[in-house]
>>> print(open('query38.cif').read())   # mmCIF, C-alpha atoms
data_run
#
loop_
_atom_site.label_atom_id
_atom_site.label_comp_id
_atom_site.auth_asym_id
_atom_site.auth_seq_id
_atom_site.Cartn_x
_atom_site.Cartn_y
_atom_site.Cartn_z
CA MET A 1 0.00 0.00 0.00
CA GLN A 2 1.40 3.43 -1.00
CA PRO A 3 1.39 6.25 1.56
CA ALA A 4 -0.87 9.21 0.92
CA ALA A 5 0.65 11.85 -1.34
CA GLY A 6 1.90 14.16 1.40
CA THR A 7 2.78 11.61 4.08
CA ALA A 8 6.02 10.01 2.85
CA GLY A 9 8.85 11.33 5.00
CA LEU A 10 12.63 11.59 4.92
CA PHE A 11 12.99 8.37 6.86
CA ALA A 12 11.30 6.45 4.06
CA LEU A 13 14.31 7.25 1.86
CA GLY A 14 16.46 4.38 3.12
CA PRO A 15 14.82 1.54 1.16
CA VAL A 16 14.43 3.71 -1.94
CA ALA A 17 18.05 4.78 -1.87
CA THR A 18 19.52 1.35 -1.12
CA PRO A 19 20.78 0.71 -4.68
CA ILE A 20 22.81 3.96 -4.77
CA GLY A 21 26.38 3.08 -5.57
CA ALA A 22 25.70 -0.67 -5.85
CA GLY A 23 28.36 -2.17 -8.08
CA ALA A 24 30.17 1.14 -8.60
CA PRO A 25 33.99 1.13 -8.37
CA GLU A 26 33.87 3.82 -5.68
CA PRO A 27 31.22 5.51 -3.54
CA PRO A 28 29.12 8.15 -5.32
CA VAL A 29 29.13 11.90 -4.89
CA LEU A 30 25.62 13.03 -3.92
CA VAL A 31 24.43 16.38 -5.27
CA GLY A 32 21.65 17.99 -3.24
CA HIS A 33 19.97 20.99 -4.86
CA SER A 34 17.57 23.33 -3.06
CA MET A 35 15.37 21.37 -0.63
CA GLY A 36 17.31 18.25 -1.68
CA GLY A 37 19.95 19.35 0.80
CA ALA A 38 17.81 17.84 3.55
CA SER A 39 17.40 14.42 1.95
CA THR A 40 21.07 14.10 0.97
CA SER A 41 22.10 14.99 4.53
CA GLN A 42 19.73 12.44 6.05
CA PHE A 43 20.90 9.78 3.59
CA ALA A 44 24.52 10.49 4.53
CA GLU A 45 23.68 9.99 8.20
CA ARG A 46 22.16 6.60 7.43
CA ARG A 47 24.68 5.48 4.81
CA GLY A 48 27.72 7.71 5.31
CA GLY A 49 30.16 4.93 4.51
CA ASP A 50 28.55 4.60 1.09
CA VAL A 51 29.02 8.27 0.16
CA LYS A 52 32.24 9.81 -1.15
CA GLU A 53 31.08 13.41 -0.78
CA ILE A 54 28.00 15.63 -0.73
CA VAL A 55 27.92 18.64 -3.02
CA TYR A 56 25.20 21.03 -1.90
CA LEU A 57 23.99 23.23 -4.74
CA SER A 58 22.11 26.33 -3.57
CA ALA A 59 20.74 23.97 -0.98
CA VAL A 60 18.77 24.19 2.23
CA VAL A 61 20.92 22.27 4.73
CA PRO A 62 19.20 21.84 8.11
CA GLN A 63 21.07 21.22 11.33
CA ASN A 64 20.31 18.23 13.51
CA GLY A 65 16.78 18.66 14.84
CA ALA A 66 15.77 21.26 12.23
CA SER A 67 13.70 20.84 9.06
CA ALA A 68 14.09 22.21 5.55
CA VAL A 69 11.20 24.62 6.13
CA SER A 70 12.49 25.92 9.48
CA THR A 71 15.92 26.41 7.91
CA LEU A 72 14.58 28.32 4.91
CA LEU A 73 12.64 30.58 7.27
CA GLU A 74 15.99 31.89 8.51
CA ALA A 75 16.30 33.76 5.19
CA GLY A 76 13.41 36.03 6.11
CA PRO A 77 12.27 38.53 3.48
CA ASP A 78 15.46 38.03 1.43
CA SER A 79 14.00 34.80 0.07
CA ALA A 80 11.45 35.13 -2.73
CA LEU A 81 10.02 31.81 -1.55
CA LEU A 82 8.82 33.41 1.67
CA ALA A 83 6.65 35.98 -0.10
CA ASP A 84 2.88 35.77 0.44
CA GLY A 85 1.41 33.06 -1.78
CA ALA A 86 4.74 31.47 -2.74
CA PHE A 87 3.75 28.08 -1.24
CA VAL A 88 0.31 26.68 -2.01
CA VAL A 89 -0.72 23.79 0.23
CA ALA A 90 -3.30 21.31 -1.06
CA GLU A 91 -5.74 19.14 0.91
CA ASP A 92 -3.63 16.05 0.19
CA GLN A 93 -0.73 17.65 2.13
CA THR A 94 1.31 18.48 -0.93
CA VAL A 95 2.74 21.88 -1.77
CA THR A 96 3.47 23.67 -5.01
CA ILE A 97 4.96 27.01 -6.01
CA PRO A 98 2.96 29.15 -8.46
CA PRO A 99 4.77 30.07 -11.69
CA GLU A 100 5.27 33.74 -10.85
CA HIS A 101 6.95 32.86 -7.55
CA ALA A 102 9.00 30.08 -9.12
CA ARG A 103 10.22 32.48 -11.80
CA ALA A 104 11.23 35.07 -9.20
CA GLY A 105 12.92 32.60 -6.85
CA PHE A 106 14.50 30.09 -9.20
CA TYR A 107 15.12 31.42 -12.70
CA GLY A 108 16.16 35.08 -12.51
CA ARG A 109 19.14 34.75 -14.88
CA CYS A 110 17.85 31.97 -17.13
CA GLU A 111 17.01 32.17 -20.82
CA GLU A 112 13.25 32.42 -21.37
CA ALA A 113 13.10 29.06 -23.18
CA ASP A 114 14.68 27.40 -20.15
CA VAL A 115 12.30 29.20 -17.80
CA GLN A 116 9.29 27.98 -19.75
CA ALA A 117 10.62 24.41 -19.86
CA ALA A 118 11.30 24.49 -16.12
CA LEU A 119 7.90 25.94 -15.24
CA ARG A 120 6.21 23.10 -17.13
CA ARG A 121 8.02 20.62 -14.89
CA ILE A 122 7.07 22.11 -11.54
CA CYS A 123 4.79 19.74 -9.69
CA CYS A 124 3.33 19.16 -6.25
CA GLU A 125 5.68 17.82 -3.60
CA PRO A 126 4.81 16.17 -0.29
CA ILE A 127 4.99 18.48 2.70
CA ARG A 128 6.27 15.98 5.23
CA PRO A 129 9.89 15.70 4.00
CA LEU A 130 10.12 19.49 4.03
CA ALA A 131 8.77 19.80 7.57
CA GLU A 132 10.39 16.74 9.16
CA ALA A 133 13.26 17.35 11.59
CA LEU A 134 16.54 15.77 10.52
CA GLN A 135 18.37 13.33 12.77
CA LEU A 136 22.06 13.91 12.09
CA GLY A 137 25.08 12.69 13.98
CA PRO A 138 28.62 11.35 13.58
CA SER A 139 28.01 9.55 10.30
CA PHE A 140 26.85 12.76 8.61
CA ALA A 141 29.65 14.76 10.22
CA ALA A 142 32.27 12.39 8.81
CA VAL A 143 31.21 12.82 5.17
CA LYS A 144 33.17 15.32 3.08
CA LYS A 145 30.97 18.23 2.01
CA THR A 146 31.16 21.14 -0.42
CA TYR A 147 28.57 23.89 -0.70
CA VAL A 148 28.25 25.62 -4.07
CA GLY A 149 26.43 28.88 -3.49
CA ALA A 150 24.87 31.03 -6.20
CA ILE A 151 25.64 34.75 -6.24
CA HIS A 152 22.22 35.76 -7.61
CA ASP A 153 20.08 33.22 -5.74
CA ARG A 154 16.75 34.69 -4.64
CA ALA A 155 15.44 31.45 -3.14
CA VAL A 156 18.30 30.62 -0.75
CA PRO A 157 20.08 33.97 -0.39
CA PRO A 158 23.91 34.02 -0.44
CA ALA A 159 24.20 35.18 3.18
CA LEU A 160 22.19 32.15 4.32
CA GLN A 161 24.16 29.86 2.01
CA GLN A 162 27.38 30.78 3.79
CA VAL A 163 25.84 30.18 7.21
CA LEU A 164 24.51 26.77 6.15
CA ALA A 165 27.85 25.73 4.67
CA GLU A 166 29.69 26.68 7.85
CA ARG A 167 27.22 24.83 10.07
CA ALA A 168 27.51 21.68 7.96
CA GLY A 169 31.30 21.80 7.92
CA ALA A 170 31.30 22.21 4.15
CA ALA A 171 33.90 23.92 2.00
CA PHE A 172 32.25 26.92 0.33
CA GLN A 173 32.51 28.28 -3.19
CA MET A 174 30.34 30.51 -5.34
CA ILE A 175 29.02 30.26 -8.87
CA ASP A 176 27.80 33.21 -10.94
CA SER A 177 24.21 32.06 -11.32
CA ASP A 178 20.70 32.15 -9.93
CA HIS A 179 19.12 29.29 -7.96
CA SER A 180 19.22 27.07 -11.07
CA PRO A 181 22.82 26.95 -12.34
CA PHE A 182 22.02 23.85 -14.41
CA TYR A 183 20.17 26.34 -16.64
CA SER A 184 21.92 29.68 -16.06
CA ALA A 185 25.57 28.56 -15.67
CA ARG A 186 25.78 25.07 -17.19
CA ALA A 187 29.44 25.08 -18.21
CA ASP A 188 30.66 26.41 -14.87
CA LEU A 189 28.50 23.94 -12.96
CA ILE A 190 29.76 21.01 -15.02
CA ARG A 191 33.37 22.01 -14.32
CA ILE A 192 32.68 22.23 -10.60
CA LEU A 193 30.95 18.85 -10.45
CA LEU A 194 33.68 17.15 -12.48
CA ASP A 195 36.20 18.44 -9.94
CA HIS A 196 34.32 16.44 -7.30
CA GLY A 197 33.75 13.30 -9.36
#
>>> encode(input="query38.cif", output="structure tokens")
Amino acid sequence: MQPAAGTAGLFALGPVATPIGAGAPEPPVLVGHSMGGASTSQFAERRGGDVKEIVYLSAVVPQNGASAVSTLLEAGPDSALLADGAFVVAEDQTVTIPPEHARAGFYGRCEEADVQAALRRICCEPIRPLAEALQLGPSFAAVKKTYVGAIHDRAVPPALQQVLAERAGAAFQMIDSDHSPFYSARADLIRILLDHG
């Protein structure tokens, strides 16, 4: 039986993620973008020995006992995602971001064709993984981490990025992009990721 749309949590990730790295010659590098910083961190706590490194990409990286949502709230009015109406919660406990807020927060330096393609792909996400407190400890702490911050990010502002990187014990570097460097700074992002591969 599948859980209701909004009820699957971070701690259901273990069985789903079990095949990661299976049969690979070395442990993988996990890349956590945006709210994916929470799930990559929690995975590293559970399976730290199976992870070579985490690369956080404009990511929300909660501390132990904090959630992705509570961490993003630290940005205050500097985050376009905290504007009125930016998160729309549905009865099935999923959340989505309306196109005008997604454009402002995610795609400020992207080509219009990329913006339109990205907006078509935005979908509802379950609330629970965003609101669930992480349980992090020595296994997470032992994993090598790099945080790639984006200079023009309006979703996770640069000042918060630096704080999150420091808390997580991650090396910090910046990329000249918005929240979505895979659109707005592809070549630079590829070079950075290859350096960590």
>>> resolve_selection(input="query38.cif", expression="the PyMOL selection byres ((chain A and resi 185-196) around 12)", output="PyMOL selection string")
chain A and resi 27-32+52-58+107-111+114+144-152+171-184+197
>>> residues_around(input="query38.cif", residues="A:Gly137", least_positions_apart="4", cutoff="9 Å", atoms="only C-alpha atoms", output="PyMOL selection string")
chain A and resi 45+64+141-142
>>> closest_residue(input="query38.cif", among="A:Pro129, A:Pro157, A:Pro62, A:Gly169", to="A:Ala80", atoms="all atoms listed in the file")
A:Pro157
>>> resolve_selection(input="query38.cif", expression="the PyMOL selection byres ((chain A and resi 65) around 12)", output="PDB file with C-alpha atoms, in the frame of the given file")
ATOM      1  CA  ALA A  38      17.810  17.840   3.550  1.00  0.00           C
ATOM      2  CA  GLN A  42      19.730  12.440   6.050  1.00  0.00           C
ATOM      3  CA  VAL A  61      20.920  22.270   4.730  1.00  0.00           C
ATOM      4  CA  PRO A  62      19.200  21.840   8.110  1.00  0.00           C
ATOM      5  CA  GLN A  63      21.070  21.220  11.330  1.00  0.00           C
ATOM      6  CA  ASN A  64      20.310  18.230  13.510  1.00  0.00           C
ATOM      7  CA  ALA A  66      15.770  21.260  12.230  1.00  0.00           C
ATOM      8  CA  SER A  67      13.700  20.840   9.060  1.00  0.00           C
ATOM      9  CA  ALA A  68      14.090  22.210   5.550  1.00  0.00           C
ATOM     10  CA  VAL A  69      11.200  24.620   6.130  1.00  0.00           C
ATOM     11  CA  SER A  70      12.490  25.920   9.480  1.00  0.00           C
ATOM     12  CA  THR A  71      15.920  26.410   7.910  1.00  0.00           C
ATOM     13  CA  ALA A 131       8.770  19.800   7.570  1.00  0.00           C
ATOM     14  CA  GLU A 132      10.390  16.740   9.160  1.00  0.00           C
ATOM     15  CA  ALA A 133      13.260  17.350  11.590  1.00  0.00           C
ATOM     16  CA  LEU A 134      16.540  15.770  10.520  1.00  0.00           C
ATOM     17  CA  GLN A 135      18.370  13.330  12.770  1.00  0.00           C
ATOM     18  CA  LEU A 136      22.060  13.910  12.090  1.00  0.00           C
ATOM     19  CA  GLY A 137      25.080  12.690  13.980  1.00  0.00           C
TER      20      GLY A 137
END
>>> axis_aligned_box(input="query38.cif", around="stretch 174-183 of chain A", padding_each_side="5 Å", output="AutoDock Vina command-line options")
--center_x 24.7 --center_y 28.5 --center_z -11.0 --size_x 21.2 --size_y 19.4 --size_z 21.3
>>> atom_distance(input="query38.cif", atom1="atom CA of A:Thr94", atom2="atom CA of A:Ala59")
20.2 Å
>>> atom_distance(input="query38.cif", atom1="atom CA of A:Ala86", atom2="atom CA of A:Ser41")
25.0 Å
>>> atom_distance(input="query38.cif", atom1="atom CA of A:Arg167", atom2="atom CA of A:Gly105")
23.5 Å
>>> residues_around(input="query38.cif", residues="A:Glu125", least_positions_apart="3", cutoff="10 Å", atoms="all atoms listed in the file", output="list in words")
Ala5, Gly6, Val89, Ala90, Gln93, Thr94, Val95, Thr96, Ile97, Ile122, Arg128, Pro129 and Leu130 of chain A
>>> closest_residue(input="query38.cif", among="A:Val143, A:Ala113, A:Ala118, A:Ile127", to="A:Gly48", atoms="all atoms listed in the file")
A:Val143
>>> closest_residue(input="query38.cif", among="A:Val156, A:Ala104, A:Cys124, A:Ala117", to="A:Asp92", atoms="only C-alpha atoms")
A:Cys124
